[in-house]
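Source file protein09.cif; content: mmCIF, C-alpha atoms.
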data_start
loop_
_atom_site.label_atom_id
_atom_site.label_comp_id
_atom_site.auth_asym_id
_atom_site.auth_seq_id
_atom_site.Cartn_x
_atom_site.Cartn_y
_atom_site.Cartn_z
CA MET D 70 -23.95 -6.28 -18.81
CA VAL D 71 -21.16 -7.94 -16.83
CA ASN D 72 -21.78 -9.22 -13.32
CA LYS D 73 -19.21 -8.08 -10.76
CA VAL D 74 -17.45 -10.84 -8.89
CA THR D 75 -15.81 -8.66 -6.26
CA PRO D 76 -18.15 -7.66 -3.44
CA THR D 77 -18.39 -3.94 -2.71
CA ASN D 78 -18.70 -1.96 0.52
CA THR D 79 -16.93 -4.58 2.62
CA VAL D 80 -13.96 -3.91 4.92
CA ASP D 81 -11.46 -5.29 2.41
CA TRP D 82 -13.03 -3.23 -0.38
CA TYR D 83 -12.48 0.01 1.54
CA ILE D 84 -8.95 -0.95 2.61
CA LYS D 85 -7.85 -1.86 -0.93
CA TRP D 86 -9.13 1.44 -2.37
CA ILE D 87 -7.63 3.55 0.41
CA ALA D 88 -4.32 1.64 0.12
CA SER D 89 -4.36 2.13 -3.66
CA GLY D 90 -4.88 5.86 -3.10
CA PHE D 91 -1.83 5.99 -0.84
CA VAL D 92 0.28 4.11 -3.39
CA LEU D 93 -0.80 6.56 -6.12
CA LEU D 94 -0.06 9.49 -3.81
CA ALA D 95 3.42 8.03 -3.21
CA VAL D 96 4.04 7.85 -6.97
CA VAL D 97 3.00 11.48 -7.31
CA CYS D 98 5.45 12.41 -4.53
CA ARG D 99 8.17 10.40 -6.25
CA SER D 100 7.62 12.16 -9.57
CA VAL D 101 7.69 15.71 -8.19
CA GLU D 102 11.25 16.68 -7.33
CA GLU D 103 10.21 19.44 -4.92
CA ILE D 104 8.55 16.96 -2.54
CA PRO D 105 11.00 15.37 -0.07
CA ASN D 106 11.74 11.65 -0.46
CA ASN D 107 10.35 10.81 2.99
CA PHE D 108 6.76 11.48 1.86
CA ASP D 109 7.14 8.86 -0.86
CA LEU D 110 8.38 6.35 1.71
CA TYR D 111 5.62 7.07 4.22
CA PHE D 112 2.78 6.97 1.70
CA SER D 113 4.23 3.83 0.07
CA PHE D 114 4.50 2.19 3.50
CA ILE D 115 0.86 2.94 4.37
CA GLY D 116 -0.42 1.74 0.98
CA THR D 117 1.71 -1.39 1.05
CA LEU D 118 0.65 -2.18 4.61
CA GLY D 119 -2.98 -1.86 3.53
CA TRP D 120 -2.47 -4.19 0.57
CA ALA D 121 -0.62 -6.70 2.76
CA TYR D 122 -3.63 -6.74 5.08
CA VAL D 123 -5.98 -7.24 2.13
CA GLY D 124 -3.83 -10.15 1.00
CA PHE D 125 -4.14 -11.60 4.50
CA LEU D 126 -7.93 -11.18 4.45
CA TRP D 127 -8.14 -12.80 1.02
CA HIS D 128 -5.67 -15.58 1.91
CA ASP D 129 -3.70 -14.56 -1.20
CA ARG D 130 -0.08 -15.60 -0.72
CA ALA D 131 1.21 -13.69 -3.75
CA ILE D 132 -0.15 -10.39 -2.44
CA MET D 133 1.11 -11.13 1.08
CA ILE D 134 4.63 -12.11 -0.06
CA LEU D 135 5.00 -9.19 -2.47
CA ASN D 136 3.82 -6.61 0.02
CA GLY D 137 5.67 -8.24 2.92
CA ILE D 138 8.95 -7.89 1.02
CA LEU D 139 8.07 -4.33 0.02
CA LEU D 140 7.29 -3.50 3.66
CA PHE D 141 10.74 -4.77 4.66
CA PHE D 142 12.49 -2.51 2.15
CA LEU D 143 10.29 0.50 2.92
CA THR D 144 10.88 0.00 6.66
CA THR D 145 14.65 -0.06 6.13
CA GLY D 146 14.37 3.12 4.05
CA ILE D 147 12.35 4.86 6.76
CA LEU D 148 14.78 3.72 9.46
CA ARG D 149 17.68 5.08 7.38
CA LEU D 150 15.92 8.46 7.33
CA TRP D 151 15.42 8.44 11.10
CA LEU D 152 18.90 7.19 11.99
#
Write-out of the structure in C-alpha cells:
Amino acid sequence: MVNKVTPTNTVDWYIKWIASGFVLLAVVCRSVEEIPNNFDLYFSFIGTLGWAYVGFLWHDRAIMILNGILLFFLTTGILRLWL
C-alpha cells in the first residue's frame, strides 16, 4: 500500500478539486458546439483562478505563473465579449 503525501480535507484540497471540476466543465463546453463560447471562458476563468490561489497557498511559482498568465488571457477574452 502506498502512503499518500498530499493531505486531504484541507482548504487547498477542496479548492484544487473544485477548480479542476471547473476546468473540466470548460473543456466540455469547448467541445460541444451548441454551447456558447462565453461559458468556456467563464468556467476556465473560475478554474484557473482557483488553481492560481492553490499555487499561492503552496508557494509554487510554476503554478502561479502559469495560471497568472492564463488569467490574463482569459480576462482579455471576457472583456472582449463584454465590450
Exactly which residues make up the result of the PyMOL selection byres ((chain D and resi 122-133) around 12) on this file, given as a list in words?
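Given this file, the PyMOL selection byres ((chain D and resi 122-133) around 12) evaluates to Thr75, Thr79, Val80, Asp81, Trp82, Tyr83, Ile84, Lys85, Trp86, Ile87, Ala88, Ser89, Ile115, Gly116, Thr117, Leu118, Gly119, Trp120, Ala121, Ile134, Leu135, Asn136, Gly137, Ile138, Leu139 and Leu140 of chain D.
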Do you have the CA of Val74 (chain D)-CA of Ser113 (chain D) distance handy?
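Straight-line distance from CA of Val74 (chain D) to CA of Ser113 (chain D) works out to 27.7 Å.
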Identify, on the basis of all atoms listed in the file, every residue whose closest approach to Asp109 (chain D) does not exceed 10 Å; exclude the query and any residue fewer than 4 positions from it along the same chain; express the result as a PyMOL selection string.
chain D and resi 91-100+104-105+113-114+143
Can you spit out the residues from that selection as a compact mmCIF listing (two decimals), in the coordinates of the input, using C-alpha atoms?
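Full text of part.txt as output:
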# COMPACT_ATOMS: atom_id res chain seq x y z
CA PHE D 91 -1.83 5.99 -0.84
CA VAL D 92 0.28 4.11 -3.39
CA LEU D 93 -0.80 6.56 -6.12
CA LEU D 94 -0.06 9.49 -3.81
CA ALA D 95 3.42 8.03 -3.21
CA VAL D 96 4.04 7.85 -6.97
CA VAL D 97 3.00 11.48 -7.31
CA CYS D 98 5.45 12.41 -4.53
CA ARG D 99 8.17 10.40 -6.25
CA SER D 100 7.62 12.16 -9.57
CA ILE D 104 8.55 16.96 -2.54
CA PRO D 105 11.00 15.37 -0.07
CA SER D 113 4.23 3.83 0.07
CA PHE D 114 4.50 2.19 3.50
CA LEU D 143 10.29 0.50 2.92
Padding of 3 Å on every side, edges along x, y and z, all listed atoms of region 74-80 of chain D included: what centre and edge lengths in Å, to one decimal, does that box have, as lines of an AutoDock Vina configuration file?
center_x = -16.3
center_y = -6.4
center_z = -2.0
size_x = 10.7
size_y = 14.9
size_z = 19.8
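Distance-wise, CA of Tyr111 (chain D) and CA of Asn78 (chain D) end up 26.2 Å apart.
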Give me, please, the distance in Å between CA of Phe108 (chain D) and CA of Trp151 (chain D), quoted to one decimal.
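So the answer is 13.0 Å.
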